[in-house]
$ cat data11.json   # JSON, C-alpha atoms
[["chain", "number", "residue", "atom", "x", "y", "z"],
["B", 1, "MET", "CA", -11.79, -6.57, 19.54],
["B", 2, "ASN", "CA", -10.43, -7.62, 16.20],
["B", 3, "ARG", "CA", -12.90, -9.95, 14.55],
["B", 4, "ASN", "CA", -10.53, -10.64, 11.69],
["B", 5, "GLN", "CA", -7.50, -11.63, 13.75],
["B", 6, "PRO", "CA", -5.97, -14.53, 11.86],
["B", 7, "THR", "CA", -3.09, -16.89, 12.30],
["B", 8, "LEU", "CA", -1.77, -16.82, 8.77],
["B", 9, "PRO", "CA", 1.48, -17.08, 6.92],
["B", 10, "VAL", "CA", 2.47, -13.54, 6.00],
["B", 11, "PRO", "CA", 5.25, -12.34, 3.71],
["B", 12, "ASP", "CA", 8.49, -11.18, 5.26],
["B", 13, "LEU", "CA", 8.74, -7.58, 4.03],
["B", 14, "ARG", "CA", 11.84, -6.49, 5.92],
["B", 15, "GLN", "CA", 13.85, -6.15, 2.70],
["B", 16, "TYR", "CA", 10.99, -5.03, 0.48],
["B", 17, "ALA", "CA", 10.94, -1.24, 0.81],
["B", 18, "GLU", "CA", 14.66, -0.77, 0.31],
["B", 19, "ASN", "CA", 14.93, -3.08, -2.68],
["B", 20, "ARG", "CA", 11.67, -1.93, -4.20],
["B", 21, "ALA", "CA", 12.83, 1.69, -4.17],
["B", 22, "LYS", "CA", 15.81, 0.59, -6.28],
["B", 23, "PHE", "CA", 13.66, -1.14, -8.89],
["B", 24, "PRO", "CA", 14.34, 0.67, -12.18],
["B", 25, "PRO", "CA", 11.53, 3.11, -13.07],
["B", 26, "ASP", "CA", 11.96, 2.29, -16.76],
["B", 27, "GLU", "CA", 11.40, -1.39, -16.06],
["B", 28, "LEU", "CA", 8.34, -0.62, -13.96],
["B", 29, "ALA", "CA", 6.99, 1.66, -16.70],
["B", 30, "LYS", "CA", 6.59, -1.40, -18.92],
["B", 31, "TYR", "CA", 3.72, -2.35, -16.60],
["B", 32, "ALA", "CA", 1.98, 1.04, -16.66],
["B", 33, "GLY", "CA", -1.73, 0.67, -15.98],
["B", 34, "LYS", "CA", -1.31, -2.89, -14.71],
["B", 35, "CYS", "CA", -1.49, -4.59, -11.35],
["B", 36, "VAL", "CA", 1.78, -6.34, -10.54],
["B", 37, "ALA", "CA", 2.88, -8.83, -7.90],
["B", 38, "PHE", "CA", 6.37, -8.23, -6.53],
["B", 39, "SER", "CA", 8.49, -10.79, -4.77],
["B", 40, "ALA", "CA", 8.51, -10.21, -1.01],
["B", 41, "ASP", "CA", 12.11, -9.02, -1.17],
["B", 42, "GLY", "CA", 11.10, -6.32, -3.67],
["B", 43, "THR", "CA", 13.58, -7.33, -6.35],
["B", 44, "ARG", "CA", 11.39, -8.74, -9.14],
["B", 45, "ILE", "CA", 7.94, -8.76, -10.65],
["B", 46, "VAL", "CA", 6.49, -12.27, -10.63],
["B", 47, "ALA", "CA", 3.12, -11.62, -12.29],
["B", 48, "SER", "CA", 1.09, -8.85, -13.87],
["B", 49, "GLY", "CA", -2.43, -8.36, -15.13],
["B", 50, "ASP", "CA", -5.25, -5.92, -15.63],
["B", 51, "ASP", "CA", -6.99, -6.59, -12.34],
["B", 52, "PHE", "CA", -5.79, -7.47, -8.83],
["B", 53, "LEU", "CA", -8.53, -9.91, -7.89],
["B", 54, "THR", "CA", -8.44, -11.77, -11.21],
["B", 55, "LEU", "CA", -4.68, -12.18, -10.92],
["B", 56, "TRP", "CA", -4.96, -13.21, -7.26],
["B", 57, "ASN", "CA", -7.52, -15.91, -8.09],
["B", 58, "GLU", "CA", -5.56, -17.13, -11.12],
["B", 59, "MET", "CA", -2.49, -17.53, -8.97],
["B", 60, "LYS", "CA", -4.43, -19.46, -6.34],
["B", 61, "ALA", "CA", -5.94, -21.71, -9.00],
["B", 62, "SER", "CA", -2.48, -22.52, -10.31],
["B", 63, "GLY", "CA", -1.32, -23.58, -6.85],
["B", 64, "VAL", "CA", 0.74, -20.50, -6.02],
["B", 65, "ASP", "CA", 0.06, -18.71, -2.74],
["B", 66, "PRO", "CA", -0.69, -15.09, -3.73],
["B", 67, "SER", "CA", -0.33, -13.89, -0.15],
["B", 68, "GLN", "CA", 3.44, -14.30, -0.41],
["B", 69, "PHE", "CA", 3.75, -11.34, -2.78],
["B", 70, "VAL", "CA", 3.28, -7.59, -2.58],
["B", 71, "TRP", "CA", 0.61, -6.24, -4.87],
["B", 72, "SER", "CA", 1.04, -2.90, -6.51],
["B", 73, "ASP", "CA", -0.93, -0.84, -9.01],
["B", 74, "VAL", "CA", 1.35, 0.83, -11.52],
["B", 75, "PRO", "CA", -0.15, 4.16, -12.60],
["B", 76, "PRO", "CA", -0.79, 4.68, -16.31],
["B", 77, "LEU", "CA", 1.91, 6.81, -17.89],
["B", 78, "GLU", "CA", -0.55, 9.58, -18.72],
["B", 79, "GLU", "CA", -1.35, 9.93, -15.00],
["B", 80, "ASP", "CA", 1.88, 11.71, -14.31],
["B", 81, "THR", "CA", 0.30, 13.93, -11.67],
["B", 82, "GLN", "CA", -1.89, 12.73, -8.82],
["B", 83, "LEU", "CA", -3.89, 15.01, -6.52],
["I", 84, "MET", "CA", 13.16, 3.20, 16.94],
["I", 85, "SER", "CA", 11.44, 4.13, 13.71],
["I", 86, "LEU", "CA", 10.58, 2.72, 10.33],
["I", 87, "ARG", "CA", 11.99, 4.29, 7.19],
["I", 88, "PHE", "CA", 10.55, 4.01, 3.72],
["I", 89, "PRO", "CA", 12.26, 5.50, 0.66],
["I", 90, "PHE", "CA", 9.97, 7.21, -1.82],
["I", 91, "ARG", "CA", 9.20, 5.33, -5.02],
["I", 92, "SER", "CA", 10.07, 6.78, -8.41],
["I", 93, "PHE", "CA", 7.59, 6.57, -11.25],
["I", 94, "ARG", "CA", 8.65, 7.33, -14.82],
["I", 95, "VAL", "CA", 6.63, 10.09, -16.50],
["I", 96, "PRO", "CA", 6.38, 10.64, -20.28],
["I", 97, "HIS", "CA", 7.69, 14.21, -20.25],
["I", 98, "PRO", "CA", 9.79, 16.45, -17.98],
["I", 99, "LEU", "CA", 7.85, 17.77, -15.01],
["I", 100, "ILE", "CA", 7.71, 21.55, -14.97],
["I", 101, "SER", "CA", 6.97, 21.60, -11.26],
["I", 102, "LEU", "CA", 10.00, 19.43, -10.46],
["I", 103, "GLN", "CA", 12.64, 21.29, -12.46],
["I", 104, "GLY", "CA", 12.37, 18.97, -15.43],
["I", 105, "ARG", "CA", 12.71, 15.66, -13.64],
["I", 106, "THR", "CA", 11.36, 12.65, -15.51],
["I", 107, "VAL", "CA", 10.42, 10.59, -12.49],
["I", 108, "ARG", "CA", 7.71, 11.40, -9.98],
["I", 109, "PRO", "CA", 8.61, 10.55, -6.36],
["I", 110, "ARG", "CA", 5.78, 9.29, -4.15],
["I", 111, "PRO", "CA", 5.53, 8.12, -0.52],
["I", 112, "ILE", "CA", 4.43, 4.54, -1.06],
["I", 113, "ILE", "CA", 4.50, 2.16, 1.90],
["I", 114, "PRO", "CA", 3.92, -1.60, 1.82],
["I", 115, "VAL", "CA", 1.17, -2.65, 4.24],
["I", 116, "THR", "CA", 0.01, -6.17, 4.98],
["I", 117, "LEU", "CA", -3.69, -6.48, 5.78],
["I", 118, "LEU", "CA", -4.45, -9.63, 7.76],
["I", 119, "GLY", "CA", -7.89, -11.05, 7.07],
["I", 120, "PRO", "CA", -9.64, -14.23, 8.19],
["I", 121, "VAL", "CA", -8.43, -16.34, 5.26],
["I", 122, "ALA", "CA", -5.42, -14.54, 3.81],
["I", 123, "ALA", "CA", -2.85, -11.84, 4.35],
["I", 124, "VAL", "CA", -2.79, -9.31, 1.53],
["I", 125, "ALA", "CA", 0.29, -7.13, 1.14],
["I", 126, "ARG", "CA", -0.33, -3.98, -0.89],
["I", 127, "ASP", "CA", 1.67, -0.93, -1.78],
["I", 128, "CYS", "CA", -0.25, 2.02, -0.32],
["I", 129, "LEU", "CA", -0.02, 5.79, -0.65],
["I", 130, "LEU", "CA", 0.71, 7.72, 2.53],
["I", 131, "ASP", "CA", -1.92, 10.45, 2.32],
["I", 132, "SER", "CA", -2.13, 13.06, 5.07],
["I", 133, "GLY", "CA", -5.13, 14.54, 3.25],
["I", 134, "SER", "CA", -7.18, 11.39, 3.66],
["I", 135, "ASP", "CA", -9.36, 11.21, 6.76],
["I", 136, "ASP", "CA", -9.52, 7.43, 6.66],
["I", 137, "THR", "CA", -7.42, 4.48, 5.63],
["I", 138, "VAL", "CA", -9.05, 3.04, 2.53],
["I", 139, "PHE", "CA", -8.55, -0.15, 0.55],
["I", 140, "PRO", "CA", -10.41, -1.42, -2.51],
["I", 141, "GLU", "CA", -13.11, -3.99, -1.83],
["I", 142, "SER", "CA", -11.15, -6.47, -3.92],
["I", 143, "VAL", "CA", -8.64, -6.65, -1.07],
["I", 144, "ALA", "CA", -11.44, -7.48, 1.38],
["I", 145, "ILE", "CA", -12.59, -10.28, -0.92],
["I", 146, "ALA", "CA", -9.07, -11.69, -1.25],
["I", 147, "ALA", "CA", -8.56, -11.51, 2.52],
["I", 148, "GLY", "CA", -11.92, -13.15, 3.23],
["I", 149, "ILE", "CA", -13.47, -10.16, 4.96],
["I", 150, "ASP", "CA", -17.26, -10.12, 4.99],
["I", 151, "LEU", "CA", -18.50, -6.56, 4.44],
["I", 152, "SER", "CA", -22.17, -7.42, 4.07],
["I", 153, "ASN", "CA", -23.13, -5.95, 7.46],
["I", 154, "ALA", "CA", -20.36, -3.41, 7.68],
["I", 155, "PRO", "CA", -21.22, 0.15, 8.73],
["I", 156, "THR", "CA", -20.96, 2.61, 5.86],
["I", 157, "SER", "CA", -20.15, 6.25, 5.31],
["I", 158, "SER", "CA", -19.81, 8.47, 2.28],
["I", 159, "ALA", "CA", -16.59, 10.12, 1.24],
["I", 160, "SER", "CA", -15.20, 12.25, -1.55],
["I", 161, "GLY", "CA", -11.76, 12.84, -3.00],
["I", 162, "VAL", "CA", -10.12, 15.67, -4.84],
["I", 163, "GLY", "CA", -12.62, 15.31, -7.68],
["I", 164, "LEU", "CA", -15.47, 15.58, -5.16],
["I", 165, "GLN", "CA", -17.10, 12.48, -6.58],
["I", 166, "ALA", "CA", -19.02, 10.71, -3.81],
["I", 167, "LEU", "CA", -18.15, 7.16, -2.93],
["I", 168, "THR", "CA", -19.27, 4.71, -0.28],
["I", 169, "LEU", "CA", -16.94, 3.26, 2.33],
["I", 170, "ARG", "CA", -17.74, 0.07, 4.23],
["I", 171, "PHE", "CA", -15.81, -0.21, 7.49],
["I", 172, "THR", "CA", -14.45, -3.12, 9.41],
["I", 173, "GLU", "CA", -11.68, -3.71, 11.90],
["I", 174, "VAL", "CA", -8.62, -5.49, 10.56],
["I", 175, "THR", "CA", -5.01, -6.06, 11.54],
["I", 176, "LEU", "CA", -2.39, -4.04, 9.67],
["I", 177, "ARG", "CA", 1.34, -4.75, 9.64],
["I", 178, "ILE", "CA", 4.30, -2.72, 8.41],
["I", 179, "ALA", "CA", 7.99, -3.54, 8.51],
["I", 180, "ASP", "CA", 11.35, -2.28, 7.43],
["I", 181, "ARG", "CA", 14.79, -3.79, 7.88],
["I", 182, "HIS", "CA", 14.90, -2.95, 11.58],
["I", 183, "GLU", "CA", 11.39, -2.88, 12.95],
["I", 184, "GLN", "CA", 7.96, -4.41, 12.56],
["I", 185, "ARG", "CA", 4.65, -3.02, 13.83],
["I", 186, "GLU", "CA", 1.20, -4.59, 13.91],
["I", 187, "TRP", "CA", -2.03, -3.06, 15.15],
["I", 188, "SER", "CA", -5.78, -3.23, 14.87],
["I", 189, "ALA", "CA", -7.38, -0.57, 12.67],
["I", 190, "TRP", "CA", -10.76, 0.45, 11.36],
["I", 191, "VAL", "CA", -10.39, 0.48, 7.60],
["I", 192, "GLY", "CA", -12.81, 1.63, 4.90],
["I", 193, "PHE", "CA", -13.31, -0.43, 1.77],
["I", 194, "THR", "CA", -14.67, 0.96, -1.46],
["I", 195, "ALA", "CA", -15.86, -0.44, -4.75],
["I", 196, "ALA", "CA", -14.68, 2.77, -6.45],
["I", 197, "ARG", "CA", -11.42, 2.76, -8.37],
["I", 198, "LEU", "CA", -8.43, 3.79, -6.31],
["I", 199, "ARG", "CA", -5.01, 4.50, -7.74],
["I", 200, "GLN", "CA", -3.55, 2.94, -4.60],
["I", 201, "PRO", "CA", -4.91, 2.12, -1.17],
["I", 202, "LEU", "CA", -4.73, 5.23, 1.02],
["I", 203, "LEU", "CA", -3.06, 5.43, 4.41],
["I", 204, "GLY", "CA", -5.00, 8.26, 6.03],
["I", 205, "PHE", "CA", -5.38, 9.59, 9.56],
["I", 206, "ALA", "CA", -7.85, 7.11, 11.07],
["I", 207, "GLY", "CA", -6.32, 3.68, 11.26],
["I", 208, "PHE", "CA", -2.80, 4.73, 10.28],
["I", 209, "LEU", "CA", -1.42, 8.24, 10.78],
["I", 210, "GLN", "CA", -3.13, 8.62, 14.16],
["I", 211, "TRP", "CA", -0.65, 6.12, 15.60],
["I", 212, "PHE", "CA", 2.59, 7.58, 14.22],
["I", 213, "ASP", "CA", 4.74, 10.66, 14.26],
["I", 214, "VAL", "CA", 5.67, 11.19, 10.64],
["I", 215, "LEU", "CA", 8.77, 12.86, 9.28],
["I", 216, "ILE", "CA", 8.93, 13.41, 5.52],
["I", 217, "ARG", "CA", 12.46, 14.18, 4.38],
["I", 218, "GLY", "CA", 12.01, 16.04, 1.13],
["I", 219, "GLU", "CA", 15.67, 16.12, 0.22],
["I", 220, "LYS", "CA", 16.22, 12.42, 0.89],
["I", 221, "GLU", "CA", 12.74, 11.53, -0.42],
["I", 222, "GLU", "CA", 12.09, 9.29, 2.54],
["I", 223, "VAL", "CA", 9.36, 8.83, 5.14],
["I", 224, "GLU", "CA", 10.17, 8.04, 8.74],
["I", 225, "LEU", "CA", 7.41, 6.67, 10.97],
["I", 226, "THR", "CA", 7.76, 6.56, 14.74],
["I", 227, "VAL", "CA", 5.01, 5.09, 16.87],
["I", 228, "ASN", "CA", 3.50, 7.71, 19.17],
["I", 229, "GLY", "CA", 2.18, 7.48, 22.71],
["I", 230, "ALA", "CA", -1.29, 6.50, 21.54],
["I", 231, "TYR", "CA", -0.09, 3.55, 19.48],
["I", 232, "PRO", "CA", -2.17, 0.52, 20.49],
["I", 233, "GLY", "CA", -0.28, -2.29, 18.80],
["I", 234, "SER", "CA", 2.83, -4.35, 19.13]]

$ encode --input "data11.json" --output "C-alpha coordinates"
Amino acid sequence: MNRNQPTLPVPDLRQYAENRAKFPPDELAKYAGKCVAFSADGTRIVASGDDFLTLWNEMKASGVDPSQFVWSDVPPLEEDTQL
Amino acid sequence: MSLRFPFRSFRVPHPLISLQGRTVRPRPIIPVTLLGPVAAVARDCLLDSGSDDTVFPESVAIAAGIDLSNAPTSSASGVGLQALTLRFTEVTLRIADRHEQREWSAWVGFTAARLRQPLLGFAGFLQWFDVLIRGEKEEVELTVNGAYPGS
(Lines of atoms letter the chains of each structure in order from A and count residues from 1; the text may use other names and numbers.)
(Lines give C-alpha, C1' and ligand atoms only; values in the text may rest on other atoms or scores of the structure.)
Protein backbone atom coordinates (compact mmCIF):
# COMPACT_ATOMS: atom_id res chain seq x y z
CA MET A 1 0.00 0.00 0.00
CA ASN A 2 1.23 3.45 -0.83
CA ARG A 3 0.42 5.77 2.02
CA ASN A 4 1.62 8.78 0.09
CA GLN A 5 -0.42 8.25 -3.05
CA PRO A 6 -1.54 11.72 -4.06
CA THR A 7 -3.68 13.25 -6.73
CA LEU A 8 -1.45 16.16 -7.62
CA PRO A 9 -0.51 18.26 -10.58
CA VAL A 10 2.84 16.98 -11.79
CA PRO A 11 5.20 18.45 -14.37
CA ASP A 12 5.15 17.03 -17.88
CA LEU A 13 8.74 15.84 -18.32
CA ARG A 14 8.44 14.18 -21.71
CA GLN A 15 10.68 16.79 -23.34
CA TYR A 16 12.94 17.39 -20.36
CA ALA A 17 15.72 14.82 -20.71
CA GLU A 18 16.39 15.50 -24.37
CA ASN A 19 16.42 19.28 -24.05
CA ARG A 20 18.26 19.26 -20.76
CA ALA A 21 21.09 17.20 -22.25
CA LYS A 22 21.53 19.98 -24.83
CA PHE A 23 21.78 22.72 -22.24
CA PRO A 24 25.23 24.29 -22.68
CA PRO A 25 27.70 23.06 -20.03
CA ASP A 26 29.33 26.51 -19.93
CA GLU A 27 26.00 28.12 -19.11
CA LEU A 28 25.32 25.54 -16.41
CA ALA A 29 28.80 26.08 -14.97
CA LYS A 30 27.76 29.60 -14.01
CA TYR A 31 25.58 27.94 -11.36
CA ALA A 32 28.29 25.65 -9.96
CA GLY A 33 27.59 24.78 -6.34
CA LYS A 34 24.00 26.02 -6.57
CA CYS A 35 20.59 24.41 -6.64
CA VAL A 36 18.71 25.35 -9.79
CA ALA A 37 15.12 24.98 -10.97
CA PHE A 38 14.74 24.08 -14.63
CA SER A 39 11.64 24.60 -16.70
CA ALA A 40 9.78 21.33 -17.23
CA ASP A 41 10.82 21.28 -20.87
CA GLY A 42 14.48 21.43 -19.83
CA THR A 43 15.34 24.51 -21.87
CA ARG A 44 15.95 27.20 -19.24
CA ILE A 45 16.86 27.86 -15.63
CA VAL A 46 14.10 29.76 -13.87
CA ALA A 47 15.63 30.13 -10.40
CA SER A 48 18.78 29.36 -8.47
CA GLY A 49 19.95 29.50 -4.89
CA ASP A 50 22.19 27.97 -2.28
CA ASP A 51 19.63 25.55 -0.89
CA PHE A 52 16.77 23.54 -2.42
CA LEU A 53 14.27 23.88 0.41
CA THR A 54 14.85 27.60 0.90
CA LEU A 55 14.35 28.21 -2.81
CA TRP A 56 11.28 25.94 -2.88
CA ASN A 57 9.68 27.84 0.01
CA GLU A 58 10.58 31.25 -1.44
CA MET A 59 8.93 30.29 -4.70
CA LYS A 60 5.80 29.11 -2.91
CA ALA A 61 5.66 32.32 -0.89
CA SER A 62 5.83 34.37 -4.07
CA GLY A 63 2.86 32.50 -5.53
CA VAL A 64 4.77 30.29 -7.96
CA ASP A 65 4.16 26.55 -7.86
CA PRO A 66 7.62 25.00 -7.35
CA SER A 67 6.36 21.54 -8.24
CA GLN A 68 6.20 22.57 -11.90
CA PHE A 69 9.99 22.66 -12.20
CA VAL A 70 12.82 20.15 -12.12
CA TRP A 71 15.30 20.70 -9.33
CA SER A 72 18.93 20.00 -9.88
CA ASP A 73 22.09 20.39 -7.83
CA VAL A 74 24.96 21.68 -9.94
CA PRO A 75 28.25 20.26 -8.65
CA PRO A 76 30.94 22.73 -7.61
CA LEU A 77 33.59 23.08 -10.30
CA GLU A 78 36.29 21.66 -8.03
CA GLU A 79 34.27 18.43 -7.72
CA ASP A 80 35.25 17.30 -11.17
CA THR A 81 35.37 13.66 -10.13
CA GLN A 82 32.67 11.84 -8.20
CA LEU A 83 33.05 8.35 -6.72
CA MET B 1 9.27 -0.09 -25.27
CA SER B 2 12.00 1.59 -23.27
CA LEU B 3 12.97 4.95 -21.88
CA ARG B 4 16.14 6.65 -23.04
CA PHE B 5 18.06 9.31 -21.18
CA PRO B 6 21.12 11.04 -22.64
CA PHE B 7 24.00 11.57 -20.24
CA ARG B 8 24.49 15.09 -18.92
CA SER B 9 27.72 16.98 -19.50
CA PHE B 10 29.31 18.94 -16.69
CA ARG B 11 32.11 21.41 -17.37
CA VAL B 12 35.32 20.73 -15.44
CA PRO B 13 38.08 23.29 -14.79
CA HIS B 14 40.87 21.29 -16.43
CA PRO B 15 41.24 18.50 -18.99
CA LEU B 16 40.44 15.08 -17.56
CA ILE B 17 43.39 12.72 -17.78
CA SER B 18 41.15 9.69 -17.51
CA LEU B 19 38.94 10.86 -20.39
CA GLN B 20 41.64 11.70 -22.93
CA GLY B 21 41.64 15.37 -22.09
CA ARG B 22 37.93 16.04 -22.33
CA THR B 23 36.72 19.12 -20.48
CA VAL B 24 33.24 17.88 -19.72
CA ARG B 25 32.32 15.02 -17.42
CA PRO B 26 29.42 12.86 -18.67
CA ARG B 27 27.07 11.47 -16.02
CA PRO B 28 23.91 9.32 -16.09
CA ILE B 29 21.43 11.76 -14.60
CA ILE B 30 17.73 10.92 -14.80
CA PRO B 31 14.82 13.18 -13.85
CA VAL B 32 12.51 11.51 -11.33
CA THR B 33 9.27 12.90 -9.94
CA LEU B 34 8.54 11.90 -6.35
CA LEU B 35 4.84 12.16 -5.53
CA GLY B 36 4.15 13.03 -1.92
CA PRO B 37 0.96 13.82 -0.01
CA VAL B 38 1.11 17.57 -0.66
CA ALA B 39 3.42 18.07 -3.63
CA ALA B 40 5.20 16.40 -6.50
CA VAL B 41 8.93 17.06 -6.45
CA ALA B 42 10.89 16.51 -9.66
CA ARG B 43 14.62 16.08 -9.11
CA ASP B 44 17.57 15.22 -11.27
CA CYS B 45 19.00 11.99 -9.82
CA LEU B 46 22.16 9.99 -10.38
CA LEU B 47 21.72 6.46 -11.66
CA ASP B 48 24.00 4.54 -9.30
CA SER B 49 24.36 0.79 -9.67
CA GLY B 50 26.66 0.84 -6.62
CA SER B 51 23.92 2.13 -4.35
CA ASP B 52 21.88 -0.51 -2.55
CA ASP B 53 18.96 1.84 -2.02
CA THR B 54 17.27 4.76 -3.69
CA VAL B 55 18.05 7.80 -1.57
CA PHE B 56 16.76 11.36 -1.52
CA PRO B 57 17.65 14.23 0.80
CA GLU B 58 15.21 14.85 3.64
CA SER B 59 14.53 18.29 2.20
CA VAL B 60 12.64 16.57 -0.61
CA ALA B 61 10.48 14.74 1.93
CA ILE B 62 9.69 18.06 3.62
CA ALA B 63 8.78 19.71 0.32
CA ALA B 64 6.59 16.75 -0.66
CA GLY B 65 4.87 16.68 2.73
CA ILE B 66 6.16 13.27 3.77
CA ASP B 67 6.18 12.63 7.51
CA LEU B 68 9.32 10.70 8.45
CA SER B 69 8.87 10.95 12.21
CA ASN B 70 7.94 7.27 12.60
CA ALA B 71 9.81 5.98 9.60
CA PRO B 72 11.96 2.86 9.98
CA THR B 73 15.66 3.64 9.84
CA SER B 74 18.87 1.97 8.75
CA SER B 75 22.48 3.03 8.57
CA ALA B 76 24.42 3.33 5.36
CA SER B 77 27.82 4.43 4.12
CA GLY B 78 29.17 5.72 0.84
CA VAL B 79 32.54 5.68 -0.83
CA GLY B 80 34.01 7.73 2.02
CA LEU B 81 32.67 5.16 4.51
CA GLN B 82 31.11 7.90 6.58
CA ALA B 83 28.00 6.52 8.32
CA LEU B 84 24.66 8.14 7.68
CA THR B 85 21.10 7.39 8.71
CA LEU B 86 18.35 6.61 6.23
CA ARG B 87 14.67 6.95 7.09
CA PHE B 88 12.44 4.88 4.82
CA THR B 89 8.96 5.37 3.53
CA GLU B 90 6.96 4.22 0.54
CA VAL B 91 6.38 6.82 -2.15
CA THR B 92 5.33 6.95 -5.78
CA LEU B 93 8.06 7.58 -8.34
CA ARG B 94 7.52 8.61 -11.95
CA ILE B 95 9.88 8.79 -14.92
CA ALA B 96 9.17 9.78 -18.50
CA ASP B 97 10.82 10.37 -21.81
CA ARG B 98 9.35 11.46 -25.12
CA HIS B 99 7.74 8.09 -25.76
CA GLU B 100 6.94 6.45 -22.46
CA GLN B 101 5.99 7.15 -18.88
CA ARG B 102 6.30 4.81 -15.89
CA GLU B 103 5.02 5.17 -12.34
CA TRP B 104 5.46 2.77 -9.45
CA SER B 105 5.51 2.52 -5.69
CA ALA B 106 8.95 2.37 -4.09
CA TRP B 107 10.57 2.25 -0.69
CA VAL B 108 12.91 5.21 -0.61
CA GLY B 109 15.48 6.23 2.00
CA PHE B 110 15.78 9.85 3.06
CA THR B 111 18.88 11.31 4.66
CA ALA B 112 19.81 14.54 6.37
CA ALA B 113 23.37 14.08 5.10
CA ARG B 114 24.55 16.09 2.12
CA LEU B 115 24.09 14.32 -1.19
CA ARG B 116 25.52 15.52 -4.46
CA GLN B 117 22.36 14.26 -6.14
CA PRO B 118 19.60 11.87 -5.13
CA LEU B 119 20.70 8.31 -5.86
CA LEU B 120 18.76 5.80 -7.94
CA GLY B 121 20.00 2.52 -6.49
CA PHE B 122 18.87 -1.09 -6.67
CA ALA B 123 15.99 -1.14 -4.17
CA GLY B 124 13.17 1.04 -5.38
CA PHE B 125 14.60 1.70 -8.84
CA LEU B 126 17.04 -0.61 -10.60
CA GLN B 127 15.27 -3.73 -9.35
CA TRP B 128 12.41 -2.95 -11.75
CA PHE B 129 14.41 -2.27 -14.92
CA ASP B 130 16.81 -3.84 -17.34
CA VAL B 131 19.45 -1.21 -17.87
CA LEU B 132 21.60 -0.68 -20.93
CA ILE B 133 24.35 1.93 -20.69
CA ARG B 134 25.66 2.89 -24.11
CA GLY B 135 29.13 4.22 -23.45
CA GLU B 136 29.75 5.44 -26.96
CA LYS B 137 26.42 7.26 -27.24
CA GLU B 138 26.53 8.28 -23.56
CA GLU B 139 22.95 7.24 -23.06
CA VAL B 140 20.98 5.08 -20.63
CA GLU B 141 18.14 2.88 -21.79
CA LEU B 142 15.69 1.56 -19.20
CA THR B 143 13.28 -1.26 -19.99
CA VAL B 144 10.81 -2.45 -17.39
CA ASN B 145 11.45 -6.05 -16.42
CA GLY B 146 9.10 -8.88 -15.53
CA ALA B 147 9.05 -7.91 -11.87
CA TYR B 148 7.99 -4.32 -12.52
CA PRO B 149 4.98 -3.58 -10.29
CA GLY B 150 3.82 -0.26 -11.69
CA SER B 151 1.98 1.22 -14.61

$ atom_distance --input "data11.json" --atom1 "atom CA of Ser39 of chain B" --atom2 "atom CA of Leu129 of chain I"
19.1 Å

$ interface_residues --input "data11.json" --of "chain I" --to "chain B" --cutoff "7 Å" --atoms "only C-alpha atoms" --output "number ranges by chain"
I: 88-96, 118-120, 122-127, 142, 146, 162, 173-175, 179-181, 188, 199-200

$ atom_distance --input "data11.json" --atom1 "atom CA of Val214 of chain I" --atom2 "atom CA of Pro201 of chain I"
18.3 Å

$ residues_around --input "data11.json" --residues "Thr168 of chain I" --least-positions-apart "4" --cutoff "8 Å" --atoms "only C-alpha atoms" --output "PyMOL selection string"
chain I and resi 156-159+194-196

$ atom_distance --input "data11.json" --atom1 "atom CA of Glu141 of chain I" --atom2 "atom CA of Ser48 of chain B"
19.2 Å

$ closest_residue --input "data11.json" --among "I:Thr116, I:Val107, I:Val143, I:Thr137" --to "Leu55 of chain B" --atoms "only C-alpha atoms"
I:Val143

$ axis_aligned_box --input "data11.json" --around "segment 66-82 of chain B" --padding-each-side "4 Å" --output "AutoDock Vina command-line options"
--center_x 0.9 --center_y -0.6 --center_z -9.4 --size_x 13.6 --size_y 37.0 --size_z 26.6
